[in-house]
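To start, the structure under review is shown below, and the notes come after it.
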Amino acid sequence: MSIKLRSALLFLFLSLALSACGPSEPDQRKAFIAFLQTEVLPRPGARVPQPNAEKQKTFGDYAGHYAVITRFHERMNASVATPMQQAMSNGVPRSIAEVVSRKADLAAVRAGFGKMRTALDEAVAATEAERAALKQPDDLRAVYASVYDKLVTQPVTAFREIFPPTDEAFGAILAMADLVDSNRQAIKLNGSQIEVTNPALRAKVQAALEGMASKQRAMTEAQQKMRRVLYGS
């Protein structure tokens, strides 16, 4: 046997020995299931813990299964959660005068929520497609389904439930702005007070104010539910 052939056989032997030292598929699956059951499911809210590189190695190819969920959160945070937080912080007016003066801006904020909803639907579709391609034994499939429900399905439901009341709240705000705009001579804004002398118009203004307050309460309730789902409190 030539030296060259011996070297090749030695390399093959070492390669096989090294590969044999790695964790088997059952061990990788066991490690991944343990991570999901002990570090993901018990956490409050939709928190997505990030295993370090060493721990990910123990999952083998199953690390890619967890990446499906982490990629969804990256998409959701970038195109929905962060823009929504900014819109809520800067978009809701604090007075009737601001409602009138920021009418165009508020209309743009309202349109922005429509874009967020589209982005969420696209993120869900991409994630569902990735999940459908995963091949999982029964024991992992059951645990993964619970994690997917907690970290994907429930947050998506909470976000989707916030869009209708938010759209209605901004619609009521804009309706109030239109009412004031179309009756500039008869409506006077004095700080937080609205002065209306015409009884019929006063009734319309009062109805618009009550509608705006009601829609904003519904929006706030949806926000609170969303926070409970996302943060567990």
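Following the order of the structure tokens, first chain is A, next is B, and so on, with residues numbered from 1 inside each chain and ligands from 1 in the order they appear.
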Please list as a ChimeraX atom specification every residue within 12 Å of Phe159 (chain A), counting only C-alpha atoms and excluding residues in the same chain fewer than 5 positions away. /A:76-77,80-81,84-85,113,116-121,124,152-154,164-166,219,222-230
Since we have the selection now, will you write its residues out, keeping C-alpha atoms, as an mmCIF file, in the first residue's frame?
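Result file is selection.cif:
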data_model
loop_
_atom_site.group_PDB
_atom_site.id
_atom_site.type_symbol
_atom_site.label_atom_id
_atom_site.label_comp_id
_atom_site.auth_asym_id
_atom_site.auth_seq_id
_atom_site.Cartn_x
_atom_site.Cartn_y
_atom_site.Cartn_z
ATOM 1 C CA MET A 76 -42.635 41.757 12.929
ATOM 2 C CA ASN A 77 -40.473 44.089 15.004
ATOM 3 C CA VAL A 80 -45.059 46.322 12.643
ATOM 4 C CA ALA A 81 -44.151 46.589 16.331
ATOM 5 C CA MET A 84 -46.754 51.012 15.685
ATOM 6 C CA GLN A 85 -45.047 52.131 18.883
ATOM 7 C CA PHE A 113 -51.524 51.307 10.072
ATOM 8 C CA MET A 116 -48.431 47.649 8.962
ATOM 9 C CA ARG A 117 -51.323 45.244 8.571
ATOM 10 C CA THR A 118 -50.143 44.289 5.090
ATOM 11 C CA ALA A 119 -46.590 43.809 6.380
ATOM 12 C CA LEU A 120 -47.856 41.575 9.181
ATOM 13 C CA ASP A 121 -49.817 39.425 6.728
ATOM 14 C CA VAL A 124 -47.101 35.487 8.621
ATOM 15 C CA VAL A 152 -46.268 33.521 16.562
ATOM 16 C CA THR A 153 -50.001 32.788 16.531
ATOM 17 C CA GLN A 154 -50.955 34.652 19.720
ATOM 18 C CA PRO A 164 -59.842 47.701 13.489
ATOM 19 C CA PRO A 165 -60.319 49.775 16.685
ATOM 20 C CA THR A 166 -57.229 51.835 15.839
ATOM 21 C CA MET A 219 -58.217 51.235 20.952
ATOM 22 C CA ALA A 222 -56.849 46.469 22.408
ATOM 23 C CA GLN A 223 -53.408 47.937 23.165
ATOM 24 C CA GLN A 224 -53.551 46.640 26.731
ATOM 25 C CA LYS A 225 -54.476 43.154 25.522
ATOM 26 C CA MET A 226 -51.620 43.246 23.046
ATOM 27 C CA ARG A 227 -49.170 44.217 25.811
ATOM 28 C CA ARG A 228 -50.373 41.317 27.962
ATOM 29 C CA VAL A 229 -49.759 38.882 25.103
ATOM 30 C CA LEU A 230 -46.352 40.320 24.226
#
My list of candidates is A:Ala175, A:Val68, A:Ala104, A:Ile162. Which is closest to Ala129 (chain A) when distances are computed with only C-alpha atoms? A:Val68
Can you work out the spacing between CA of Ala97 (chain A) and CA of Ala218 (chain A) in Å, to one decimal? 22.5 Å
Residue list (alpha helix (DSSP H), DSSP) for region 66-162 of chain A, as JSON, numbers by chain: {"A": [66, 67, 68, 69, 70, 71, 72, 73, 74, 75, 76, 82, 83, 84, 85, 86, 87, 88, 89, 90, 91, 96, 97, 98, 99, 100, 101, 103, 104, 105, 106, 107, 108, 109, 110, 111, 112, 113, 114, 115, 116, 117, 118, 119, 120, 121, 122, 123, 124, 125, 126, 127, 128, 129, 130, 131, 132, 138, 139, 140, 141, 142, 143, 144, 145, 146, 147, 148, 154, 155, 156, 157, 158, 159, 160, 161, 162]}
Can I get the selection written as a CSV table (one decimal), in the first residue's frame, with C-alpha atoms?
chain,number,residue,atom,x,y,z
A,66,TYR,CA,-36.1,27.8,16.0
A,67,ALA,CA,-34.7,30.3,13.4
A,68,VAL,CA,-38.1,30.2,11.7
A,69,ILE,CA,-39.6,31.8,14.8
A,70,THR,CA,-36.8,34.3,15.4
A,71,ARG,CA,-37.0,35.5,11.8
A,72,PHE,CA,-40.7,36.1,12.2
A,73,HIS,CA,-40.0,38.3,15.2
A,74,GLU,CA,-37.3,40.2,13.3
A,75,ARG,CA,-39.8,40.9,10.5
A,76,MET,CA,-42.6,41.8,12.9
A,82,THR,CA,-41.6,49.4,16.1
A,83,PRO,CA,-43.6,51.6,13.6
A,84,MET,CA,-46.8,51.0,15.7
A,85,GLN,CA,-45.0,52.1,18.9
A,86,GLN,CA,-43.8,55.3,17.2
A,87,ALA,CA,-47.2,56.0,15.7
A,88,MET,CA,-48.9,55.6,19.0
A,89,SER,CA,-46.4,57.8,20.8
A,90,ASN,CA,-46.5,60.6,18.2
A,91,GLY,CA,-49.8,60.1,16.4
A,96,ILE,CA,-59.0,69.4,19.7
A,97,ALA,CA,-56.8,72.2,18.4
A,98,GLU,CA,-54.1,69.6,17.7
A,99,VAL,CA,-56.8,67.4,16.0
A,100,VAL,CA,-57.5,70.3,13.6
A,101,SER,CA,-53.9,71.5,13.0
A,103,LYS,CA,-55.3,66.7,10.2
A,104,ALA,CA,-53.1,65.7,7.3
A,105,ASP,CA,-50.5,64.2,9.6
A,106,LEU,CA,-53.2,62.1,11.4
A,107,ALA,CA,-54.5,60.9,8.0
A,108,ALA,CA,-51.0,59.7,7.1
A,109,VAL,CA,-50.7,57.9,10.5
A,110,ARG,CA,-54.0,56.2,9.8
A,111,ALA,CA,-52.8,55.1,6.4
A,112,GLY,CA,-49.6,53.8,8.0
A,113,PHE,CA,-51.5,51.3,10.1
A,114,GLY,CA,-52.9,49.8,6.9
A,115,LYS,CA,-49.3,49.3,5.6
A,116,MET,CA,-48.4,47.6,9.0
A,117,ARG,CA,-51.3,45.2,8.6
A,118,THR,CA,-50.1,44.3,5.1
A,119,ALA,CA,-46.6,43.8,6.4
A,120,LEU,CA,-47.9,41.6,9.2
A,121,ASP,CA,-49.8,39.4,6.7
A,122,GLU,CA,-46.7,39.1,4.6
A,123,ALA,CA,-44.6,38.1,7.6
A,124,VAL,CA,-47.1,35.5,8.6
A,125,ALA,CA,-47.3,34.0,5.1
A,126,ALA,CA,-43.5,33.7,4.9
A,127,THR,CA,-43.3,32.1,8.3
A,128,GLU,CA,-46.1,29.7,7.6
A,129,ALA,CA,-44.4,28.6,4.4
A,130,GLU,CA,-41.1,28.0,6.3
A,131,ARG,CA,-42.8,26.0,9.0
A,132,ALA,CA,-44.6,23.9,6.4
A,138,ASP,CA,-44.0,13.6,16.6
A,139,ASP,CA,-42.5,14.3,20.0
A,140,LEU,CA,-40.9,17.5,18.7
A,141,ARG,CA,-43.9,18.5,16.6
A,142,ALA,CA,-46.2,18.7,19.6
A,143,VAL,CA,-43.8,20.9,21.6
A,144,TYR,CA,-42.9,23.1,18.7
A,145,ALA,CA,-46.6,23.6,18.0
A,146,SER,CA,-47.0,25.0,21.5
A,147,VAL,CA,-44.0,27.3,21.1
A,148,TYR,CA,-45.3,28.5,17.7
A,154,GLN,CA,-51.0,34.7,19.7
A,155,PRO,CA,-48.9,37.8,18.9
A,156,VAL,CA,-50.3,37.9,15.4
A,157,THR,CA,-53.9,37.6,16.7
A,158,ALA,CA,-53.3,40.4,19.2
A,159,PHE,CA,-51.8,42.7,16.5
A,160,ARG,CA,-54.7,41.9,14.1
A,161,GLU,CA,-57.2,42.7,16.8
A,162,ILE,CA,-55.7,46.1,17.4
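Excluding Ser24 (chain A) and any residue on its chain fewer than 6 positions from it, the residues at most 12 Å away by only C-alpha atoms are Lys30, Ala31, Lys57, Thr58, Phe59, Gly60, Asp61 and Tyr62 of chain A.
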Identify, with DSSP run on backbone atoms, the residues in region 67-218 of chain A assigned to strand (DSSP E), and express the list as a ChimeraX atom specification. /A:187-190,193-196
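Interatomic distance, CA of Gly171 (chain A) to CA of Ser233 (chain A): 29.0 Å.
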Near Asn198 (chain A), counting only C-alpha atoms, which residues have an atom at most 12 Å away, once you skip same-chain residues fewer than 6 positions from it, shown as a CSV table (one decimal) with C-alpha atoms, in the first residue's frame?
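Saved file out.csv follows:
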chain,number,residue,atom,x,y,z
A,183,ASN,CA,-67.8,75.2,10.8
A,185,GLN,CA,-67.1,80.5,12.0
A,186,ALA,CA,-69.4,78.8,14.4
A,187,ILE,CA,-66.9,76.9,16.5
A,188,LYS,CA,-64.3,78.5,18.7
A,204,LYS,CA,-73.2,67.4,16.5
A,205,VAL,CA,-70.0,68.4,18.2
Using only C-alpha atoms, pick whichever of A:Leu151, A:Ala172, A:Leu201, A:Ala213 has the shortest atom-to-atom distance to Arg47 (chain A).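 Checking each candidate against Arg47 (chain A), we get A:Leu151 as the closest.
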Coordinates-based distance that separates CA of Gln136 (chain A) from CA of Val48 (chain A) (Å, one decimal):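 For CA of Val48 (chain A) relative to CA of Gln136 (chain A), the distance reads 20.5 Å.
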